[in-house]
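Novice: Questions regarding the structure given below will be posed in turn.
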Amino acid sequence: MRAFGLLAVLAFAGQPIVAHPGHPAVCKDGAVKAPRGPFAVWVFCEDALGTHIGVVYANHMAAPSDGAWGINNRFWQEGAWPSDVQTFAWSEDGARLFVSTGAVYGSSTLYQLDLSDRRVYELIASVPDHDVEILWVTSKSLRYRLRDIESGDTKDGEVLIRERRGK
C-alpha cells in the first residue's frame with residue numbers, strides 16, 4: 001500500500017490544518033487536538049493494517065453530558081470513517097472533522113463528521129480502488145485528490161461542505 005506523503009502538517013493561509021497520518025514509516029500514535037473546542041483525534045498506526053482514528057472528547061465536562069457526548073462516553077470510533085485514514089482536517093472552529101480513507105482497509109471516500117451530535121456524512125460517493133486525500137479546506141468547500149492504487153493516476157475535485165442546521 002502506498003500512502004500519501006509524509007507525516008506532515010500542512011497549513012494553507014487562512015485554512016484549517018490537514019494532517020497526513022497514513023504513511024506507516026512516519027505515522028505517530030497519539031492525540032491531535034482540534035484548533036478550538038473539546039475534541040481530539042486519536043491516531044492508531046497499525047503499519048500494514050493501515051492507520052485508524054477515533055474522536056475523543058478531551059476537555060473537562062461541566063455537566064454530565066454535552067450534546068451526544070457524556071462523561072462516560074467520550075470516545076467515538078464506529079462505522080467506515082475511522083479505517084485506513086489517509087488524511088484528516090479540522091474546521092477552523094473545531095466543530096467538524098473531515099476524513100479521507102484509502103482503498104485497502106477503508107471505504108475510498110471522504111467524510112464530514114459533525115462532532116457535537118456525532119453525525120457522519122459522505123461528501124463523495126465511494127470510489128473503489130482509489131485512495132482519497134484532502135488537499136485543503138475552506139469554510140465552504142473541500143478540495144481533494146483521488147489516486148488510483150493500480151496506475152497511480154490522480155484526479156482532483158472539490159465538494160461543498162454540509163452546513164450545520166440550527167447551530
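A note on labels: chains of the C-alpha cells are A, B, ... as shown, every chain counts residues from 1, and ligands are counted from 1 in their shown order.
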Considering only strand (DSSP E or B) as DSSP defines it on the backbone, what residues of chain A qualify? List them as a PyMOL selection string.
Specialist: chain A and resi 9-10+18-19+30-33+39-45+51-57+65-66+69-70+73+75-76+85-90+96-101+110-114+119-124+130-137+141-148+154-160
Novice: Export C-alpha atoms of the chosen residues as an mmCIF file, in the first residue's frame?
Specialist:
```cif
data_model
loop_
_atom_site.group_PDB
_atom_site.id
_atom_site.type_symbol
_atom_site.label_atom_id
_atom_site.label_comp_id
_atom_site.auth_asym_id
_atom_site.auth_seq_id
_atom_site.Cartn_x
_atom_site.Cartn_y
_atom_site.Cartn_z
ATOM 1 C CA VAL A 9 1.064 19.007 8.950
ATOM 2 C CA LEU A 10 0.455 21.478 6.178
ATOM 3 C CA VAL A 18 -4.562 18.993 7.058
ATOM 4 C CA ALA A 19 -2.808 16.060 8.755
ATOM 5 C CA GLY A 30 -1.482 9.635 19.852
ATOM 6 C CA ALA A 31 -3.729 12.666 20.086
ATOM 7 C CA VAL A 32 -4.074 15.555 17.639
ATOM 8 C CA LYS A 33 -6.080 18.320 19.324
ATOM 9 C CA PHE A 39 -12.197 17.382 20.638
ATOM 10 C CA ALA A 40 -9.054 15.495 19.614
ATOM 11 C CA VAL A 41 -8.322 12.737 17.101
ATOM 12 C CA TRP A 42 -6.536 9.686 18.463
ATOM 13 C CA VAL A 43 -4.313 8.172 15.757
ATOM 14 C CA PHE A 44 -3.580 4.422 15.742
ATOM 15 C CA CYS A 45 -0.674 3.486 13.439
ATOM 16 C CA THR A 51 -3.934 3.979 10.004
ATOM 17 C CA HIS A 52 -7.110 4.181 12.077
ATOM 18 C CA ILE A 53 -8.526 7.015 14.155
ATOM 19 C CA GLY A 54 -11.115 7.768 16.812
ATOM 20 C CA VAL A 55 -12.504 11.046 18.129
ATOM 21 C CA VAL A 56 -12.129 11.864 21.815
ATOM 22 C CA TYR A 57 -13.963 14.467 23.892
ATOM 23 C CA SER A 65 -23.434 15.479 29.023
ATOM 24 C CA ASP A 66 -22.524 17.824 26.200
ATOM 25 C CA TRP A 69 -21.145 13.136 24.487
ATOM 26 C CA GLY A 70 -21.175 12.120 28.137
ATOM 27 C CA ASN A 73 -19.000 8.198 26.706
ATOM 28 C CA PHE A 75 -14.684 8.061 22.540
ATOM 29 C CA TRP A 76 -16.181 7.644 19.054
ATOM 30 C CA VAL A 85 -7.315 7.044 7.103
ATOM 31 C CA GLN A 86 -5.195 8.892 4.567
ATOM 32 C CA THR A 87 -5.738 12.481 5.747
ATOM 33 C CA PHE A 88 -7.924 14.448 8.118
ATOM 34 C CA ALA A 89 -8.603 18.138 8.658
ATOM 35 C CA TRP A 90 -10.390 20.187 11.311
ATOM 36 C CA ARG A 96 -16.273 19.418 12.292
ATOM 37 C CA LEU A 97 -13.692 16.877 11.228
ATOM 38 C CA PHE A 98 -13.092 15.885 7.605
ATOM 39 C CA VAL A 99 -11.637 12.406 6.993
ATOM 40 C CA SER A 100 -10.408 10.743 3.797
ATOM 41 C CA THR A 101 -9.965 6.986 3.553
ATOM 42 C CA LEU A 110 -14.477 11.463 2.054
ATOM 43 C CA TYR A 111 -16.424 12.119 5.252
ATOM 44 C CA GLN A 112 -17.636 15.102 7.229
ATOM 45 C CA LEU A 113 -18.144 14.473 10.941
ATOM 46 C CA ASP A 114 -20.298 16.944 12.852
ATOM 47 C CA ARG A 119 -23.256 12.696 12.759
ATOM 48 C CA VAL A 120 -21.363 11.388 9.734
ATOM 49 C CA TYR A 121 -21.915 12.478 6.137
ATOM 50 C CA GLU A 122 -20.296 11.122 2.969
ATOM 51 C CA LEU A 123 -19.154 14.104 0.922
ATOM 52 C CA ILE A 124 -18.348 11.980 -2.138
ATOM 53 C CA HIS A 130 -8.735 4.796 -5.120
ATOM 54 C CA ASP A 131 -7.114 6.466 -2.140
ATOM 55 C CA VAL A 132 -8.611 9.838 -1.231
ATOM 56 C CA GLU A 133 -6.504 12.745 0.042
ATOM 57 C CA ILE A 134 -7.704 16.071 1.454
ATOM 58 C CA LEU A 135 -5.754 18.919 -0.124
ATOM 59 C CA TRP A 136 -7.323 21.879 1.684
ATOM 60 C CA VAL A 137 -10.481 23.061 3.398
ATOM 61 C CA SER A 141 -15.672 23.726 0.372
ATOM 62 C CA LEU A 142 -13.089 20.981 0.475
ATOM 63 C CA ARG A 143 -10.555 20.183 -2.265
ATOM 64 C CA TYR A 144 -9.451 16.548 -2.588
ATOM 65 C CA ARG A 145 -7.388 14.214 -4.764
ATOM 66 C CA LEU A 146 -8.252 10.688 -5.903
ATOM 67 C CA ARG A 147 -5.350 8.335 -6.653
ATOM 68 C CA ASP A 148 -5.848 5.036 -8.480
ATOM 69 C CA THR A 154 -4.740 11.219 -9.985
ATOM 70 C CA LYS A 155 -7.792 13.411 -10.358
ATOM 71 C CA ASP A 156 -8.587 16.480 -8.229
ATOM 72 C CA GLY A 157 -12.073 17.508 -7.197
ATOM 73 C CA GLU A 158 -13.930 19.928 -4.972
ATOM 74 C CA VAL A 159 -17.043 19.403 -2.880
ATOM 75 C CA LEU A 160 -19.236 21.715 -0.824
#
```
Novice: Please indicate the distance in Å from CA of Glu46 (chain A) to CA of Lys28 (chain A), rounded to one decimal place.
Specialist: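 According to the coordinates, CA of Glu46 (chain A) and CA of Lys28 (chain A) are separated by 10.1 Å.
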Novice: Could you tell me which of A:Met61, A:Ile71, A:Asp129, A:Pro35 comes closest to Gly152 (chain A) if we count only C-alpha atoms?
Specialist: A:Asp129
Novice: With distances taken over only C-alpha atoms, which residue among A:Asn59, A:Ala95, A:Ser139, A:Thr109 lies nearest Ala125 (chain A)?
Specialist: A:Thr109
Novice: What is the CA of Gly102 (chain A)-CA of Leu49 (chain A) distance in Å, reported with one decimal?
Specialist: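 Separation of CA of Gly102 (chain A) and CA of Leu49 (chain A): 11.3 Å.
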Novice: Taking only C-alpha atoms into account, name the residue in A:Val127, A:Gly50, A:Leu115, A:Ala80 that is nearest to Ala68 (chain A).
Specialist: A:Leu115
Novice: So that I can check the surroundings of Gly67 (chain A), please list as a list in words every protein, DNA and RNA residue that reaches within 10 Å of it, counting only C-alpha atoms and ignoring chain neighbours fewer than 5 positions away.
Specialist: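 Counting only C-alpha atoms, the residues come to Leu115, Ser116, Asp117 and Arg118 of chain A.
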Novice: How many Å separate CA of Asp84 (chain A) from CA of Val104 (chain A)?
Specialist: 7.1 Å
